[in-house]
Protein chains: 2
Amino acid sequence: MPRERNHWGWGWADEALSEAQVREAAGGLAQHLGFGSAEAERAVPLEAVELPAPRLAPPRAGADAALAGLFADDRASRVRHTYGRAYRDVVRGFRGDFEHAPDLVARPREEHDVARVLEWAAGAGAAVIPFGGGTSVVGGVEARVGAGYAGVVSLDLTALDRVLEVDAVSRAARVQGGVLGPDLEAQLAPHGLTLRHFPQSFQFSTLGGWIVTRAGGHFATLQTHIDDLVESVRAIAPSGAWESRRLPGSGAGPSPDRLLLGSEGTLGVVTEAWVRVRPKPVHRAGRAVRFGSFADGAEAVRALAQSGLHPENCRLIDAREAALTFAGDGSCALLVLGFESAHEPVDARLESALALCRAAGGSWEERAEGARGGAVGSWREAFLRAPYVRDVLVAMGVLSETFETAITWDRFAAFVETVRGAVQEAVREQCGDGLVTCRVTHAYPDGAAPYFTVVAPVKRGEEVDRWDAIKRVAGDAILASGGTITHHHAVGRDHRPWYDAQRPDPFAAALRGAKAAVDPAGILNPGVLIDPLRAPAEAPLAPPAD
Amino acid sequence: MPRERNHWGWGWADEALSEAQVREAAGGLAQHLGFGSAEAERAVPLEAVELPAPRLAPPRAGADAALAGLFADDRASRVRHTYGRAYRDVVRGFRGDFEHAPDLVARPREEHDVARVLEWAAGAGAAVIPFGGGTSVVGGVEARVGAGYAGVVSLDLTALDRVLEVDAVSRAARVQGGVLGPDLEAQLAPHGLTLRHFPQSFQFSTLGGWIVTRAGGHFATLQTHIDDLVESVRAIAPSGAWESRRLPGSGAGPSPDRLLLGSEGTLGVVTEAWVRVRPKPVHRAGRAVRFGSFADGAEAVRALAQSGLHPENCRLIDAREAALTFAGDGSCALLVLGFESAHEPVDARLESALALCRAAGGSWEERAEGARGGAVGSWREAFLRAPYVRDVLVAMGVLSETFETAITWDRFAAFVETVRGAVQEAVREQCGDGLVTCRVTHAYPDGAAPYFTVVAPVKRGEEVDRWDAIKRVAGDAILASGGTITHHHAVGRDHRPWYDAQRPDPFAAALRGAKAAVDPAGILNPGVLIDPLRAPAEAPLAPPAD
């Protein structure tokens with residue numbers, strides 16, 4: 001029996017906080033924030049959730065027992081595959097609203113099961129939504145597929161969780177797409193290797209999910225996205241297996257992998273990839289550098305990103321976020337700067353980096369900063385704890401969500417000011433109070449990725465509407481100021497309006513053309529990235545017999 | 001009057017060698033190689049070239065003088081746009097064989113001219129082949145488009161040659177697609193900036209050409225391809241302008257740029273791009289490291305590529321190639337190792353790198369190696385001179401061509417041995433004598449890019465057949481052993497059989513779907529990457545009136 005997830009919030013079901021723990025946390029948070037009710041509301045328990053009747057019947061065991069054995073239609077399975085983990089997902093789950101639950105959940109045991117489920121779904125006129133760890137924050141796994149489908153199958157890939165092969169010479173590993181972050185690292189560890197891809201969702205997100213959403217990870221410079229860690233990909237499309245060669249580099253036409261990277265389950269189901277791994281770092285050095293202003297800190301980040309020093313960690317946190325996460329006292333911006341290497345001491349790189357920080361007005365304590373303790377440790381703990389904390393905030397009537405983007409350096413300062421200003425104003429309008437903080441998560445020679453956090457009191461029952469109104473302002477401000485609707489959170493269903501405005505029209509046409517070619521029935525994750533291929537009239541009138 | 005190119009070989013028409021110079025060079029080369037005739041043949045002069053009659057009439061000046069003024073159909077224009085610069089191109093040009101000359105050459109002066117030419121061509125049932133510097137080595141610009149077209153227009157983009165904007169803060173520049181390498185650098189120099197993309201074709205290749213062929217450049221590690229230097233692209237497709245946002249990074253769906261990168265003129269005509277530039281390096285350090293065997297040198301390259309030291313130059317040359325290029329005496333393999341930085345001294349990085357070389361059995365003179373002088377300088381001079389030297393070799397009856405690939409480290413040694421062995425055998429069969437050398441041009445943590453050179457005596461008049469036979473053996477050996485048909489020379493028409501075998505079938509279908517969506521009439525560079533969309537029966541019976 002696989003360990004079960006909390007049906008609405010972060011974490012495992014068996015590690016949910018007790019009522020007393022929630023009460024204690026809520027009290028502390030309310031005091032820290034200055035808003036939010038210390039009287040925590042209670043989530044609707046799983047057994048009280050009401051679901052719409054499934055529109056699809058699973059394949060009959062008599063006809064094909066092996067296929068039938070992959071499907072489930074019980075309440076718990078359907079509930080646990082309804083949402084990702086956006087704030088709007090967590091709130092709805094908390095309240096027991098699972099209106100868009102998938103009709104069926106299929107859980108392939110081996111890769112060939114994937115093709116069989118796709119084939120069955122195509123025959124049934126059903127949409128298929130690939131489901132990894134279920135941590136999408138953009139509606140990427142939610143069964144809003146339009147009326148053109150007879151129903152929806154959530155395709156849970158987490159049984160495909162093995163490291164199949166390790167090539168220590170090339171430092172690469174062949175890994176199944178459904179493996180969760182910690183399981184992947186645990187399987188690589190005996191080889192002395194690591195992928196070092198640590199998105200905030202690490203605990204509950206999968207390699208395949210990272211690939212199809214172009215997830216951002218550990219490295220603040222150079223290999224910022226999973227894209228750069230992928231050597232080759234194998235995906236199952238309705239039209240067949242899409243597998244690229246293992247190659248360290250190639251110039252043979254447009255990269256097949258780069259079309260799957262970011263395809264968000266619309267072109268194929270990623271079942272395997274060769275990924276680039278490395279030995280664990282043994283040399284580390286870091287500092288928490290204080291800056292009088294976020295703008296000064298940003299100038300330091302620019303200098304660092306353009307220096308060729310390639311810091312592994314280079315996160316700039318504004319004063320408000322430093323205070324919010326207990327990493328600082330709110331008087332200054334904080335740069336979490338870190339170098340690591342499996343091969344070479346990194347002290348010289350740190351010294352050079354600190355010289356650049358000093359030139360930009362930075363100061364620091366000479367005490368070394370590691371992953372534990374100090375301001376860096378506080379920030380890291382807060383980073384890992386954040387998804388759990390949010391569940392408590394939801395219970396307290398506190399809106400808590402993030403959005404992120406990227407922008408070139410020439411526009412960076414004005415961009416951050418414009419976007420933060422617009423969103424702060426929207427938060428005031430929607431919630432009366434609340435704060436908007438900013439950090440820089442990834443840095444490039446030509447720009448950086450600002451990441452905003454919104455925390456505000458919100459009237460219970462109005463959370464989704466309030467957040468959606470704030471998010472509209474955020475998305476509009478980002479697009480109008482030249483940014484991208486996402487640097488590493490993907491598009492899903494929630495980012496579609498801005499994504500559609502942002503991407504080149506001929507590319508949109510190319511993507512639709514590509515989709516129609518590999519998924520002619522349009523069953524894979526309809527509505528994500530592009531409109532569903534299947535219009536309502538095309539749907540079968542009734543679920544077909546299997 | 002723009003300076004004219006040599007109509008068959010490398011370089012400018014006005015810098016062609018005199019007969020006496022060719023004779024002297026041929027004498028020296030024949031002695032160095034031990035084969036080839038010192039009696040150099042003479043190229044068929046431009047004025048003696050016979051061309052097939054053009055199948056298309058240019059737009060009439062009366063109807064649209066501005067459009068008509070973009071077209072030329074004179075012999076010199078058609079001859080100069082017939083070929084790239086593969087060996088098989090140079091030989092055919094040398095002999096005056098321009099059978100596949102385009103019917104017309106169009107030379108847009110501004111971007112809006114591009115759309116007008118595409119529109120006219122679509123109306124005329126003509127194919128359009130975007131033509132940058134004309135240095136394709138894979139038949140990428142040759143008018144072999146099948147019988148489905150009323151004729152072919154070569155679209156010469158070299159008048160779009162300006163740097164339009166420089167953003168010194170973000171270190172990026174907006175540059176037109178038709179600019180040649182030296183002109184680009186000359187326009188960046190006053191800003192103290194450089195792209196530092198130096199393919200061997202640098203002198204006569206364009207930014208747009210680099211982008212659509214995923215050209216490999218200066219940097220042996222990290223940013224090995226132009227891909228990594230591109231911030232955004234603007235292309236004109238028959239269905240409209242395809243322009244991505246300037247972004248340092250993004251995770252919004254599959255990258256639109258990455259679909260244009262490597263599209264080889266089949267999806268759109270690249271008219272502009274924002275590229276990532278940088279200050280010129282001021283700190284440099286390098287060594288020429290000797291290894292007893294190519295295998296030992298390759299182990300050093302692997303250690304360097306996996307070390308995180310990121311050498312800018314890291315070219316490993318086998319003993320035979322070192323002797324051929326006067327970089328060594330043929331007794332040992334040579335690693336050309338170099339570090340550079342605009343910000344930091346690089347001596348410490350070099351010291352660390354040399355320690356890795358020593359561990360792999362390397363040795364070196366303590367004298368510093370710069371870009372000039374010594375073994376490194378010899379190699380660099382030979383690299384730049386090679387295209388000119390080849391023209392003399394052609395005149396001497398010497399076959400001279402290269403091919404390149406990439407492979408993961410676990411297979412590297414056996415791969416190089418297998419491919420070199422198969423090709424050496426084919427060279428012996430086809431030419432009776434000759435040599436096959438190898439170097440490593442680019443290195444990755446998970447593998448490297450071997451680059452092979454073939455030099456052999458060949459019977460005059462048989463050059464193309466002999467080379468094609470050798471190339472078939474090379475392509476088959478590369479594919480069978482797990483490599484890619486090209487690491488940075490692109491696919492064009494000549495690599496199609498192996499490219500088709502190498503790419504995932506669903507990706508091929510996706511590419512065809514994308515192409516049909518953005519270029520529904522299938523006029524852009526038919527036959528490159530995918531089969532022409534237009535079958536013979538669809539062609540107009542006669543060239544239409546304009």
# chains A, B, ... in the order shown; residues from 1 in each chain; ligands from 1
call {"tool": "closest_atom_pairs", "arguments": {"of": "chain B", "to": "chain A", "cutoff": "6 Å", "atoms": "only C-alpha atoms", "output": "CSV"}}
result
residue,atom,partner,partner_atom,distance
B:Val169,CA,A:Asp410,CA,5.5
B:Ser170,CA,A:Asp446,CA,4.3
B:Arg171,CA,A:Asp446,CA,5.8
B:Arg214,CA,A:Gly251,CA,5.5
B:Trp242,CA,A:Pro504,CA,5.2
B:Glu243,CA,A:Pro504,CA,5.4
B:Ser244,CA,A:Pro504,CA,5.8
B:Leu247,CA,A:Ile407,CA,5.6
B:Pro248,CA,A:Gly447,CA,5.1
B:Ser250,CA,A:His487,CA,4.2
B:Gly251,CA,A:His487,CA,4.6
B:Ala252,CA,A:Ala490,CA,5.4
B:Gly253,CA,A:Gly262,CA,4.4
B:Pro254,CA,A:Gly262,CA,4.4
B:Leu259,CA,A:Pro254,CA,5.3
B:Leu261,CA,A:Pro254,CA,5.7
B:Gly262,CA,A:Gly253,CA,4.4
B:Ser263,CA,A:Pro254,CA,5.7
B:Ile407,CA,A:Leu247,CA,5.6
B:Thr408,CA,A:Pro248,CA,5.9
B:Trp409,CA,A:Ser170,CA,4.9
B:Asp410,CA,A:Val169,CA,5.5
B:Asp446,CA,A:Ser170,CA,4.3
B:Gly447,CA,A:Pro248,CA,5.1
B:Thr486,CA,A:Ala252,CA,5.6
B:His487,CA,A:Ser250,CA,4.2
B:His488,CA,A:Gly251,CA,4.6
B:Ala490,CA,A:Ala252,CA,5.4
B:Val491,CA,A:Ala252,CA,5.7
B:Pro504,CA,A:Trp242,CA,5.2
B:Pro506,CA,A:Trp242,CA,5.5
B:Ala509,CA,A:Ala517,CA,5.7
B:Ala510,CA,A:Ala514,CA,3.9
B:Gly513,CA,A:Gly513,CA,4.3
B:Ala514,CA,A:Ala510,CA,3.9
B:Ala517,CA,A:Ala510,CA,5.5
B:Val518,CA,A:Pro506,CA,5.9
call {"tool": "select_by_dssp", "arguments": {"residues": "region 340-441 of chain A", "states": "strand (DSSP E or B)", "output": "list in words"}}
result
Glu340, Ser341, Ser363, Trp364, Val398, Leu399, Ser400, Glu401, Thr402, Phe403, Glu404, Ile407, Thr408, Leu435, Val436, Thr437, Cys438, Arg439, Val440 and Thr441 of chain A
call {"tool": "atom_distance", "arguments": {"atom1": "CA of Gly69 (chain A)", "atom2": "CA of Trp274 (chain A)"}}
result
29.3 Å
call {"tool": "select_by_dssp", "arguments": {"residues": "region 259-309 of chain B", "states": "helix (DSSP H, G or I)", "output": "JSON, numbers by chain"}}
result
{"B": [259, 260, 294, 295, 296, 297, 298, 299, 300, 301, 302, 303, 304, 305]}
call {"tool": "write_last_selection", "arguments": {"atoms": "N, CA and C atoms", "output": "mmCIF file, in the first residue's frame"}}
result
data_model
loop_
_atom_site.group_PDB
_atom_site.id
_atom_site.type_symbol
_atom_site.label_atom_id
_atom_site.label_comp_id
_atom_site.auth_asym_id
_atom_site.auth_seq_id
_atom_site.Cartn_x
_atom_site.Cartn_y
_atom_site.Cartn_z
ATOM 1 N N LEU B 259 12.668 26.177 -31.393
ATOM 2 C CA LEU B 259 12.119 25.553 -32.601
ATOM 3 C C LEU B 259 12.696 26.223 -33.852
ATOM 4 N N LEU B 260 13.007 27.510 -33.761
ATOM 5 C CA LEU B 260 13.667 28.189 -34.890
ATOM 6 C C LEU B 260 15.140 27.797 -34.981
ATOM 7 N N PHE B 294 45.819 9.637 -28.071
ATOM 8 C CA PHE B 294 44.565 10.375 -28.158
ATOM 9 C C PHE B 294 43.641 9.967 -27.013
ATOM 10 N N ALA B 295 43.687 8.687 -26.654
ATOM 11 C CA ALA B 295 42.837 8.188 -25.568
ATOM 12 C C ALA B 295 43.196 8.853 -24.239
ATOM 13 N N ASP B 296 44.497 9.002 -23.982
ATOM 14 C CA ASP B 296 44.911 9.695 -22.753
ATOM 15 C C ASP B 296 44.417 11.142 -22.773
ATOM 16 N N GLY B 297 44.586 11.786 -23.922
ATOM 17 C CA GLY B 297 44.113 13.166 -24.046
ATOM 18 C C GLY B 297 42.620 13.271 -23.823
ATOM 19 N N ALA B 298 41.883 12.287 -24.345
ATOM 20 C CA ALA B 298 40.426 12.311 -24.182
ATOM 21 C C ALA B 298 40.039 12.169 -22.710
ATOM 22 N N GLU B 299 40.817 11.363 -21.982
ATOM 23 C CA GLU B 299 40.540 11.239 -20.534
ATOM 24 C C GLU B 299 40.748 12.586 -19.829
ATOM 25 N N ALA B 300 41.757 13.309 -20.271
ATOM 26 C CA ALA B 300 41.984 14.642 -19.701
ATOM 27 C C ALA B 300 40.830 15.586 -20.039
ATOM 28 N N VAL B 301 40.375 15.518 -21.274
ATOM 29 C CA VAL B 301 39.251 16.374 -21.678
ATOM 30 C C VAL B 301 38.007 16.033 -20.853
ATOM 31 N N ARG B 302 37.800 14.745 -20.636
ATOM 32 C CA ARG B 302 36.655 14.345 -19.808
ATOM 33 C C ARG B 302 36.789 14.927 -18.398
ATOM 34 N N ALA B 303 37.976 14.781 -17.818
ATOM 35 C CA ALA B 303 38.188 15.311 -16.460
ATOM 36 C C ALA B 303 37.953 16.821 -16.434
ATOM 37 N N LEU B 304 38.431 17.515 -17.463
ATOM 38 C CA LEU B 304 38.249 18.968 -17.532
ATOM 39 C C LEU B 304 36.780 19.321 -17.681
ATOM 40 N N ALA B 305 36.090 18.594 -18.539
ATOM 41 C CA ALA B 305 34.676 18.906 -18.798
ATOM 42 C C ALA B 305 33.807 18.617 -17.584
#
call {"tool": "atom_distance", "arguments": {"atom1": "CA of Gly434 (chain A)", "atom2": "CA of Ser400 (chain A)"}}
result
9.7 Å
call {"tool": "residues_around", "arguments": {"residues": "region 378-387 of chain A", "least_positions_apart": "5", "cutoff": "9 Å", "atoms": "only C-alpha atoms", "output": "list in words"}}
result
Gly9, Trp10, Gly11, Arg85, Gln200, Ser201, Ala322, Thr325, Phe326, Ala327, Gly328, Val336, Ala371, Arg372 and Gly373 of chain A
call {"tool": "write_last_selection", "arguments": {"atoms": "all heavy atoms", "output": "tab-separated table (two decimals), in the first residue's frame"}}
result
chain	number	residue	atom	x	y	z
A	9	GLY	N	-3.87	19.43	1.13
A	9	GLY	CA	-2.73	20.32	1.38
A	9	GLY	C	-1.42	19.64	1.08
A	9	GLY	O	-1.36	18.63	0.37
A	10	TRP	N	-0.37	20.19	1.60
A	10	TRP	CA	0.97	19.68	1.37
A	10	TRP	C	1.23	18.47	2.25
A	10	TRP	O	0.62	18.32	3.30
A	10	TRP	CB	2.00	20.77	1.65
A	10	TRP	CG	3.33	20.51	0.99
A	10	TRP	CD1	4.50	20.14	1.60
A	10	TRP	CD2	3.63	20.63	-0.40
A	10	TRP	NE1	5.51	20.01	0.67
A	10	TRP	CE2	5.01	20.31	-0.57
A	10	TRP	CE3	2.87	20.95	-1.53
A	10	TRP	CZ2	5.64	20.31	-1.82
A	10	TRP	CZ3	3.51	20.96	-2.77
A	10	TRP	CH2	4.87	20.64	-2.91
A	11	GLY	N	2.13	17.61	1.83
A	11	GLY	CA	2.63	16.57	2.72
A	11	GLY	C	1.87	15.26	2.67
A	11	GLY	O	0.93	15.07	1.90
A	85	ARG	N	-1.22	22.16	-6.50
A	85	ARG	CA	-1.06	22.79	-5.19
A	85	ARG	C	-0.92	24.31	-5.29
A	85	ARG	O	-0.17	24.93	-4.52
A	85	ARG	CB	0.13	22.16	-4.44
A	85	ARG	CG	-0.19	20.77	-3.86
A	85	ARG	CD	-1.32	20.81	-2.82
A	85	ARG	NE	-1.71	19.50	-2.33
A	85	ARG	CZ	-2.75	18.79	-2.80
A	85	ARG	NH1	-3.47	19.25	-3.81
A	85	ARG	NH2	-3.06	17.63	-2.27
A	200	GLN	N	11.26	23.87	-5.07
A	200	GLN	CA	10.60	23.91	-3.76
A	200	GLN	C	9.67	22.71	-3.59
A	200	GLN	O	9.43	22.24	-2.49
A	200	GLN	CB	9.82	25.22	-3.62
A	200	GLN	CG	9.42	25.53	-2.18
A	200	GLN	CD	8.96	26.96	-2.00
A	200	GLN	OE1	8.49	27.59	-2.94
A	200	GLN	NE2	9.09	27.49	-0.80
A	201	SER	N	9.16	22.20	-4.70
A	201	SER	CA	8.24	21.06	-4.67
A	201	SER	C	8.95	19.72	-4.59
A	201	SER	O	8.29	18.67	-4.65
A	201	SER	CB	7.40	21.09	-5.95
A	201	SER	OG	8.26	20.95	-7.08
A	322	ALA	N	12.75	39.05	3.92
A	322	ALA	CA	13.72	38.60	4.93
A	322	ALA	C	13.07	38.57	6.31
A	322	ALA	O	13.24	37.62	7.07
A	322	ALA	CB	14.95	39.52	4.92
A	325	THR	N	10.38	35.72	6.56
A	325	THR	CA	10.91	34.36	6.67
A	325	THR	C	11.94	34.21	7.79
A	325	THR	O	12.63	33.21	7.86
A	325	THR	CB	11.58	33.96	5.33
A	325	THR	OG1	12.59	34.95	5.01
A	325	THR	CG2	10.58	33.92	4.20
A	326	PHE	N	12.03	35.22	8.65
A	326	PHE	CA	12.94	35.20	9.80
A	326	PHE	C	14.41	35.15	9.38
A	326	PHE	O	15.27	34.76	10.16
A	326	PHE	CB	12.64	34.00	10.72
A	326	PHE	CG	11.24	33.99	11.25
A	326	PHE	CD1	10.28	33.17	10.67
A	326	PHE	CD2	10.86	34.83	12.29
A	326	PHE	CE1	8.97	33.16	11.15
A	326	PHE	CE2	9.56	34.82	12.77
A	326	PHE	CZ	8.61	33.99	12.20
A	327	ALA	N	14.69	35.52	8.12
A	327	ALA	CA	16.08	35.52	7.68
A	327	ALA	C	16.76	36.85	7.99
A	327	ALA	O	17.97	36.96	7.95
A	327	ALA	CB	16.16	35.24	6.17
A	328	GLY	N	15.97	37.86	8.31
A	328	GLY	CA	16.54	39.16	8.62
A	328	GLY	C	15.58	39.95	9.50
A	328	GLY	O	14.49	39.47	9.82
A	336	VAL	N	21.70	35.72	-0.45
A	336	VAL	CA	22.17	34.41	-0.03
A	336	VAL	C	23.10	33.91	-1.13
A	336	VAL	O	22.66	33.54	-2.21
A	336	VAL	CB	20.99	33.44	0.17
A	336	VAL	CG1	21.51	32.05	0.54
A	336	VAL	CG2	20.06	33.97	1.25
A	371	ALA	N	24.63	25.51	4.95
A	371	ALA	CA	23.22	25.24	4.67
A	371	ALA	C	22.40	25.34	5.96
A	371	ALA	O	21.20	25.55	5.93
A	371	ALA	CB	23.07	23.86	4.05
A	372	ARG	N	23.08	25.16	7.10
A	372	ARG	CA	22.37	25.18	8.39
A	372	ARG	C	22.81	26.41	9.19
A	372	ARG	O	23.95	26.81	9.13
A	372	ARG	CB	22.72	23.93	9.20
A	372	ARG	CG	22.54	22.61	8.47
A	372	ARG	CD	21.10	22.13	8.46
A	372	ARG	NE	20.97	20.87	7.77
A	372	ARG	CZ	20.80	20.73	6.45
A	372	ARG	NH1	20.74	21.79	5.68
A	372	ARG	NH2	20.67	19.55	5.89
A	373	GLY	N	21.88	26.95	9.94
A	373	GLY	CA	22.23	28.03	10.86
A	373	GLY	C	22.37	29.38	10.18
A	373	GLY	O	22.48	29.48	8.96
call {"tool": "atom_distance", "arguments": {"atom1": "CA of Ala66 (chain B)", "atom2": "CA of Thr271 (chain B)"}}
result
19.3 Å
call {"tool": "residues_around", "arguments": {"residues": "Leu51 (chain A)", "least_positions_apart": "4", "cutoff": "9 Å", "atoms": "only C-alpha atoms", "output": "PDB file with N, CA, C and O atoms, in the first residue's frame"}}
result
ATOM      1  N   ARG A  75     -13.438   7.209  -4.333  1.00  0.00           N
ATOM      2  CA  ARG A  75     -13.412   8.608  -3.953  1.00  0.00           C
ATOM      3  C   ARG A  75     -12.014   9.117  -3.631  1.00  0.00           C
ATOM      4  O   ARG A  75     -11.591  10.170  -4.115  1.00  0.00           O
ATOM      5  N   ARG A  78      -9.897   9.629  -6.731  1.00  0.00           N
ATOM      6  CA  ARG A  78     -10.345  10.753  -7.556  1.00  0.00           C
ATOM      7  C   ARG A  78     -10.027  12.089  -6.868  1.00  0.00           C
ATOM      8  O   ARG A  78      -9.565  13.026  -7.517  1.00  0.00           O
ATOM      9  N   VAL A  79     -10.295  12.161  -5.565  1.00  0.00           N
ATOM     10  CA  VAL A  79     -10.015  13.408  -4.827  1.00  0.00           C
ATOM     11  C   VAL A  79      -8.530  13.754  -4.896  1.00  0.00           C
ATOM     12  O   VAL A  79      -8.157  14.896  -5.156  1.00  0.00           O
ATOM     13  N   ASP A  97     -14.358  21.213  -2.054  1.00  0.00           N
ATOM     14  CA  ASP A  97     -14.869  21.422  -3.407  1.00  0.00           C
ATOM     15  C   ASP A  97     -14.006  20.659  -4.407  1.00  0.00           C
ATOM     16  O   ASP A  97     -12.904  21.093  -4.741  1.00  0.00           O
ATOM     17  N   PHE A  98     -14.510  19.528  -4.877  1.00  0.00           N
ATOM     18  CA  PHE A  98     -13.763  18.726  -5.858  1.00  0.00           C
ATOM     19  C   PHE A  98     -14.610  18.523  -7.117  1.00  0.00           C
ATOM     20  O   PHE A  98     -14.684  17.439  -7.678  1.00  0.00           O
ATOM     21  N   GLU A  99     -15.215  19.615  -7.530  1.00  0.00           N
ATOM     22  CA  GLU A  99     -16.153  19.593  -8.656  1.00  0.00           C
ATOM     23  C   GLU A  99     -15.533  18.996  -9.926  1.00  0.00           C
ATOM     24  O   GLU A  99     -16.215  18.324 -10.697  1.00  0.00           O
ATOM     25  N   HIS A 100     -14.247  19.295 -10.164  1.00  0.00           N
ATOM     26  CA  HIS A 100     -13.623  18.832 -11.403  1.00  0.00           C
ATOM     27  C   HIS A 100     -12.791  17.570 -11.193  1.00  0.00           C
ATOM     28  O   HIS A 100     -11.786  17.362 -11.876  1.00  0.00           O
ATOM     29  N   ALA A 101     -13.227  16.720 -10.278  1.00  0.00           N
ATOM     30  CA  ALA A 101     -12.481  15.474 -10.068  1.00  0.00           C
ATOM     31  C   ALA A 101     -12.448  14.676 -11.363  1.00  0.00           C
ATOM     32  O   ALA A 101     -13.412  14.665 -12.133  1.00  0.00           O
TER      33      ALA A 101
END
call {"tool": "residues_around", "arguments": {"residues": "Pro182 (chain B)", "least_positions_apart": "5", "cutoff": "10 Å", "atoms": "only C-alpha atoms", "output": "PyMOL selection string"}}
result
chain B and resi 187-188+198+202-206
call {"tool": "closest_residue", "arguments": {"among": "A:Gly151, A:Gly397, A:Pro54, A:Gly28", "to": "Val464 (chain A)", "atoms": "only C-alpha atoms"}}
result
A:Gly397
call {"tool": "residues_around", "arguments": {"residues": "Glu39 (chain A)", "least_positions_apart": "5", "cutoff": "9 Å", "atoms": "only C-alpha atoms", "output": "JSON, numbers by chain"}}
result
{"A": [23, 26, 27, 395, 396]}
